[in-house]
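The next block holds one structure in the form of structure tokens; read it before the comments.
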Amino acid sequence: MTHPLPEAALEQYLDTLKLRGVSNKQLTTTRHFLRHLLSNLRDVSHDGQGYRAGADITLRNFPEEDQFRALIREFFPYWRGESTPTVIPQPVASPAIDNNLAKALTHMQADPWSQASLQKLELHAHQFRTLHRYGEELVKMGLEEANIQARMRLIKLLLYTMRDANPNTESYRTSVDQVLALLPSQDRWHVFVSLAREFFYFLANDQDAPSKLQRQLSTQELQSLFSA
């Protein structure tokens with residue numbers, strides 16, 4: 001796989017944020033943070049493990065805020081060269097229209113919804129159906145509510161992380177790595193890896209998926225991930 005130059009990956013990600021309507025102040029903060037991250041990624045392996053190592057070093061120099069962890073999660077596919085290049089719409093001459101309507105159209109165009117293809121919508125529908133089936137099987141297994149909710153929250157985060165990726169084993173592993181990058185305590189990584197492993201069978205439409213559920217994952221272990 002050919003990886004993009006760090007500066008090119010950064011600019012592509014910033015272009016995506018601009019399309020979302022992110023403020024200039026937030027763009028400046030994002031650029032500042034990601035430049036620090038990229039400086040810590042210079043000498044690491046170009047994979048999830050190397051990315052986590054660089055992310056850990058970077059986070060030590062910034063406040064404990066969710067926005068920085070979110071940036072790390074979102075920037076990973078850009079750094080890896082797995083994100084579709086952003087197309088910046090060019091201004092075109094158009095008849096004058098009501099200002100409120102113009103704002104609404106601009107907002108719509110910047111929203112990912114307007115760019116969604118039927119294939120992408122079908123993919124998301126499959127993911128949510130799978131998540132629903134997974135939850136039903138957890139209930140049938142007789143797990144306590146807190147355990148079920150913890151599993152569902154973590155798996156939903158995994159699905160959100162891979163929402164725009166091509167559905168295959170490699171993208172699944174990459175998304176797992178991205179979530180692991182959010183967990184600073186390596187001694188807890190095995191808990192999420194086990195959870196991701198059991199859910200994979202559901203996502204793959206394996207008829208034996210319910211038999212892969214791991215009752216031994218305790219509520220305490222799962223909830224410990226949220227306080228990591």
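Identifiers in this document derive from the order of the structure tokens: chains are assigned A, B, ..., residues are numbered from 1 separately in each chain, and ligands are numbered from 1 in order of occurrence.
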
*asked:* When you look at Leu5 (chain A) with a cut-off of 12 Å (counting only C-alpha atoms), what residues show up, excluding the ones that are within fewer than 3 positions of it in the same chain? I need them as a list in words.
replied: Thr2, Ala8, Ala9, Leu10, Glu11, Gln12, Leu38, Leu41, Arg42, His46, Tyr78, Trp79, Arg80 and Gly81 of chain A

*Using DSSP on the backbone, list every residue of region 16-223 of chain A that comes out as alpha helix (DSSP H), and give them as a VMD selection string.*
chain A and resid 16 to 19 24 to 39 48 to 59 66 to 80 99 to 110 112 to 115 118 to 140 145 to 161 169 to 180 189 to 203 219 to 223

*Using only C-alpha atoms, pick whichever of A:Asn166, A:Leu159, A:Leu180, A:Leu154 has the shortest atom-to-atom distance to Leu195 (chain A).*
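Among the listed residues, A:Leu154 lies closest to Leu195 (chain A).
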
*asked:* Applying 12 Å and only C-alpha atoms, which residues near region 60-66 of chain A remain after dropping the ones on its own chain fewer than 4 positions away? List them as a PyMOL selection string.
replied: chain A and resi 29+32-34+36-37+40+53-56+70-73+182+184+228

Serialized selection, all heavy atoms, as a compact mmCIF listing (two decimals), in the first residue's frame:
```
# COMPACT_ATOMS: atom_id res chain seq x y z
N THR A 29 -6.94 24.73 15.76
CA THR A 29 -6.63 23.81 16.86
C THR A 29 -6.31 22.42 16.33
O THR A 29 -5.35 21.77 16.77
CB THR A 29 -7.81 23.73 17.85
OG1 THR A 29 -8.08 25.02 18.38
CG2 THR A 29 -7.51 22.76 18.99
N HIS A 32 -2.89 22.33 14.63
CA HIS A 32 -1.83 22.36 15.64
C HIS A 32 -1.65 20.99 16.28
O HIS A 32 -0.51 20.49 16.41
CB HIS A 32 -2.19 23.41 16.70
CG HIS A 32 -1.26 23.43 17.87
ND1 HIS A 32 0.04 23.88 17.78
CD2 HIS A 32 -1.44 23.05 19.18
CE1 HIS A 32 0.63 23.78 18.97
NE2 HIS A 32 -0.24 23.28 19.83
N PHE A 33 -2.76 20.37 16.66
CA PHE A 33 -2.68 19.07 17.33
C PHE A 33 -2.13 17.99 16.40
O PHE A 33 -1.25 17.21 16.78
CB PHE A 33 -4.07 18.66 17.83
CG PHE A 33 -4.12 17.28 18.42
CD1 PHE A 33 -3.60 17.03 19.68
CD2 PHE A 33 -4.67 16.22 17.71
CE1 PHE A 33 -3.63 15.75 20.23
CE2 PHE A 33 -4.70 14.95 18.24
CZ PHE A 33 -4.18 14.71 19.50
N LEU A 34 -2.63 17.95 15.17
CA LEU A 34 -2.22 16.89 14.25
C LEU A 34 -0.77 17.05 13.79
O LEU A 34 -0.11 16.06 13.47
CB LEU A 34 -3.17 16.84 13.04
CG LEU A 34 -4.59 16.36 13.37
CD1 LEU A 34 -5.44 16.33 12.11
CD2 LEU A 34 -4.57 14.97 14.02
N HIS A 36 1.58 18.00 15.78
CA HIS A 36 2.29 17.35 16.88
C HIS A 36 2.22 15.83 16.73
O HIS A 36 3.22 15.12 16.94
CB HIS A 36 1.69 17.77 18.23
CG HIS A 36 2.21 19.08 18.73
ND1 HIS A 36 3.33 19.19 19.52
CD2 HIS A 36 1.76 20.34 18.55
CE1 HIS A 36 3.56 20.46 19.81
NE2 HIS A 36 2.61 21.19 19.23
N LEU A 37 1.03 15.34 16.39
CA LEU A 37 0.87 13.89 16.21
C LEU A 37 1.78 13.38 15.09
O LEU A 37 2.47 12.37 15.26
CB LEU A 37 -0.59 13.58 15.88
CG LEU A 37 -0.92 12.12 15.52
CD1 LEU A 37 -0.58 11.19 16.67
CD2 LEU A 37 -2.39 11.98 15.13
N ASN A 40 5.31 12.85 15.92
CA ASN A 40 5.57 11.65 16.73
C ASN A 40 5.34 10.36 15.95
O ASN A 40 5.55 9.26 16.49
CB ASN A 40 4.66 11.66 17.97
CG ASN A 40 5.04 12.74 18.96
OD1 ASN A 40 6.22 12.97 19.21
ND2 ASN A 40 4.05 13.42 19.52
N ALA A 53 1.28 4.14 19.37
CA ALA A 53 2.47 4.60 20.09
C ALA A 53 2.65 6.11 19.93
O ALA A 53 2.90 6.84 20.89
CB ALA A 53 3.71 3.86 19.59
N GLY A 54 2.51 6.59 18.68
CA GLY A 54 2.64 8.03 18.44
C GLY A 54 1.53 8.82 19.10
O GLY A 54 1.75 9.92 19.62
N ALA A 55 0.32 8.25 19.11
CA ALA A 55 -0.82 8.92 19.73
C ALA A 55 -0.63 9.06 21.24
O ALA A 55 -0.93 10.10 21.83
CB ALA A 55 -2.11 8.16 19.42
N ASP A 56 -0.12 8.00 21.86
CA ASP A 56 0.10 8.03 23.31
C ASP A 56 1.07 9.14 23.69
O ASP A 56 0.86 9.87 24.67
CB ASP A 56 0.64 6.68 23.80
CG ASP A 56 -0.43 5.60 23.81
OD1 ASP A 56 -1.62 5.96 23.76
OD2 ASP A 56 -0.07 4.42 23.86
N ALA A 70 -10.89 12.00 19.65
CA ALA A 70 -11.73 11.89 18.45
C ALA A 70 -10.91 12.21 17.20
O ALA A 70 -11.05 11.56 16.16
CB ALA A 70 -12.93 12.82 18.56
N LEU A 71 -10.05 13.22 17.29
CA LEU A 71 -9.20 13.58 16.16
C LEU A 71 -8.25 12.43 15.80
O LEU A 71 -8.04 12.13 14.62
CB LEU A 71 -8.38 14.83 16.49
CG LEU A 71 -9.15 16.16 16.51
CD1 LEU A 71 -8.23 17.29 16.97
CD2 LEU A 71 -9.71 16.47 15.13
N ILE A 72 -7.71 11.79 16.82
CA ILE A 72 -6.81 10.66 16.58
C ILE A 72 -7.55 9.55 15.85
O ILE A 72 -7.04 8.96 14.89
CB ILE A 72 -6.23 10.16 17.92
CG1 ILE A 72 -5.19 11.16 18.44
CG2 ILE A 72 -5.60 8.78 17.75
CD1 ILE A 72 -4.67 10.84 19.82
N ARG A 73 -8.77 9.27 16.30
CA ARG A 73 -9.55 8.20 15.69
C ARG A 73 -9.90 8.53 14.23
O ARG A 73 -9.76 7.70 13.34
CB ARG A 73 -10.84 7.97 16.49
CG ARG A 73 -11.70 6.84 15.95
CD ARG A 73 -12.95 6.63 16.78
NE ARG A 73 -13.85 7.77 16.68
CZ ARG A 73 -14.12 8.61 17.68
NH1 ARG A 73 -13.57 8.45 18.85
NH2 ARG A 73 -14.95 9.62 17.51
N LEU A 182 -7.56 4.25 21.47
CA LEU A 182 -8.22 5.09 22.47
C LEU A 182 -8.04 4.53 23.88
O LEU A 182 -8.42 5.19 24.85
CB LEU A 182 -9.72 5.20 22.16
CG LEU A 182 -10.08 5.72 20.76
CD1 LEU A 182 -11.58 5.67 20.56
CD2 LEU A 182 -9.56 7.13 20.56
N PRO A 184 -5.51 3.56 26.60
CA PRO A 184 -4.09 3.69 26.95
C PRO A 184 -3.53 2.52 27.73
O PRO A 184 -2.33 2.30 27.73
CB PRO A 184 -4.07 4.98 27.80
CG PRO A 184 -5.45 5.09 28.36
CD PRO A 184 -6.36 4.54 27.31
N ALA A 228 -10.67 3.78 31.24
CA ALA A 228 -9.24 3.63 30.94
C ALA A 228 -8.61 4.98 30.63
O ALA A 228 -9.25 5.86 30.11
CB ALA A 228 -9.06 2.69 29.75
```

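For the residues A:Leu105, A:Val44, A:Leu121, A:Ala209, ranking by smallest atom-to-atom distance to Arg133 (chain A) using only C-alpha atoms places A:Ala209 first.
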
Non-local contacts of Gln119 (chain A) (12 Å; only C-alpha atoms; under 6 positions in same chain excluded) as a PDB file with all heavy atoms, in the first residue's frame:
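The resulting file, part05.pdb, is reproduced below:
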```
ATOM      1  N   ALA A 125     -27.235   0.036   6.868  1.00  0.00           N
ATOM      2  CA  ALA A 125     -28.422  -0.710   7.291  1.00  0.00           C
ATOM      3  C   ALA A 125     -28.029  -2.115   7.750  1.00  0.00           C
ATOM      4  O   ALA A 125     -28.537  -2.622   8.761  1.00  0.00           O
ATOM      5  CB  ALA A 125     -29.431  -0.785   6.147  1.00  0.00           C
ATOM      6  N   HIS A 126     -27.116  -2.737   7.018  1.00  0.00           N
ATOM      7  CA  HIS A 126     -26.639  -4.070   7.404  1.00  0.00           C
ATOM      8  C   HIS A 126     -25.951  -4.020   8.765  1.00  0.00           C
ATOM      9  O   HIS A 126     -26.156  -4.902   9.614  1.00  0.00           O
ATOM     10  CB  HIS A 126     -25.670  -4.602   6.348  1.00  0.00           C
ATOM     11  CG  HIS A 126     -24.922  -5.832   6.788  1.00  0.00           C
ATOM     12  ND1 HIS A 126     -25.547  -7.045   7.007  1.00  0.00           N
ATOM     13  CD2 HIS A 126     -23.595  -6.025   7.081  1.00  0.00           C
ATOM     14  CE1 HIS A 126     -24.649  -7.939   7.402  1.00  0.00           C
ATOM     15  NE2 HIS A 126     -23.467  -7.345   7.458  1.00  0.00           N
ATOM     16  N   ASP A 164     -17.410   4.024   6.995  1.00  0.00           N
ATOM     17  CA  ASP A 164     -17.186   4.353   5.589  1.00  0.00           C
ATOM     18  C   ASP A 164     -16.144   3.451   4.935  1.00  0.00           C
ATOM     19  O   ASP A 164     -15.699   3.726   3.824  1.00  0.00           O
ATOM     20  CB  ASP A 164     -16.747   5.820   5.452  1.00  0.00           C
ATOM     21  CG  ASP A 164     -17.858   6.781   5.842  1.00  0.00           C
ATOM     22  OD1 ASP A 164     -19.023   6.468   5.563  1.00  0.00           O
ATOM     23  OD2 ASP A 164     -17.558   7.832   6.433  1.00  0.00           O
ATOM     24  N   ALA A 165     -15.756   2.396   5.628  1.00  0.00           N
ATOM     25  CA  ALA A 165     -14.734   1.492   5.090  1.00  0.00           C
ATOM     26  C   ALA A 165     -15.381   0.372   4.282  1.00  0.00           C
ATOM     27  O   ALA A 165     -16.529  -0.006   4.522  1.00  0.00           O
ATOM     28  CB  ALA A 165     -13.912   0.898   6.233  1.00  0.00           C
ATOM     29  N   ASN A 166     -14.635  -0.138   3.310  1.00  0.00           N
ATOM     30  CA  ASN A 166     -15.115  -1.302   2.575  1.00  0.00           C
ATOM     31  C   ASN A 166     -15.190  -2.485   3.540  1.00  0.00           C
ATOM     32  O   ASN A 166     -14.234  -2.744   4.277  1.00  0.00           O
ATOM     33  CB  ASN A 166     -14.166  -1.638   1.421  1.00  0.00           C
ATOM     34  CG  ASN A 166     -14.195  -0.584   0.338  1.00  0.00           C
ATOM     35  OD1 ASN A 166     -15.247  -0.022   0.049  1.00  0.00           O
ATOM     36  ND2 ASN A 166     -13.049  -0.297  -0.256  1.00  0.00           N
ATOM     37  N   PRO A 167     -16.319  -3.198   3.559  1.00  0.00           N
ATOM     38  CA  PRO A 167     -16.479  -4.287   4.533  1.00  0.00           C
ATOM     39  C   PRO A 167     -15.637  -5.509   4.194  1.00  0.00           C
ATOM     40  O   PRO A 167     -15.984  -6.295   3.315  1.00  0.00           O
ATOM     41  CB  PRO A 167     -17.985  -4.605   4.440  1.00  0.00           C
ATOM     42  CG  PRO A 167     -18.372  -4.194   3.055  1.00  0.00           C
ATOM     43  CD  PRO A 167     -17.506  -3.021   2.710  1.00  0.00           C
TER      44      PRO A 167
END
```

*Residue with smallest distance to Leu123 (chain A) - pool A:Ser171, A:Thr58, A:Phe199, A:Arg163, counting only C-alpha atoms*: A:Arg163

*For CA of Arg197 (chain A) and CA of Leu138 (chain A), quote the distance in Å rounded to one decimal.*
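Pair CA of Arg197 (chain A) / CA of Leu138 (chain A) returns 14.7 Å.
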
*Using CA of Thr219 (chain A) and CA of Glu144 (chain A) as the two end points, give the distance in Å to one decimal.*
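Atom-to-atom, CA of Thr219 (chain A) to CA of Glu144 (chain A), that is 8.2 Å.
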
*asked:* Please report the interatomic distance between CA of Leu19 (chain A) and CA of Ala110 (chain A) in Å with one decimal.
replied: 5.0 Å

_Taking only C-alpha atoms into account, name the residue in A:Leu17, A:Ala196, A:Leu203, A:Leu143 that is nearest to His124 (chain A)._
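Under the stated criterion, the closest residue is A:Leu203.
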
*Check the smallest atom-to-atom distance from each of A:Arg129, A:Arg215, A:Arg173, A:His107 to Ile148 (chain A) using only C-alpha atoms, then report the winner.*
A:Arg215

*What's the 9 Å shell around Met152 (chain A), counting only C-alpha atoms, without same-chain residues fewer than 6 positions away, as a list in words?*
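Residues meeting the cut-off are Leu131, Tyr134 and Gly135 of chain A.
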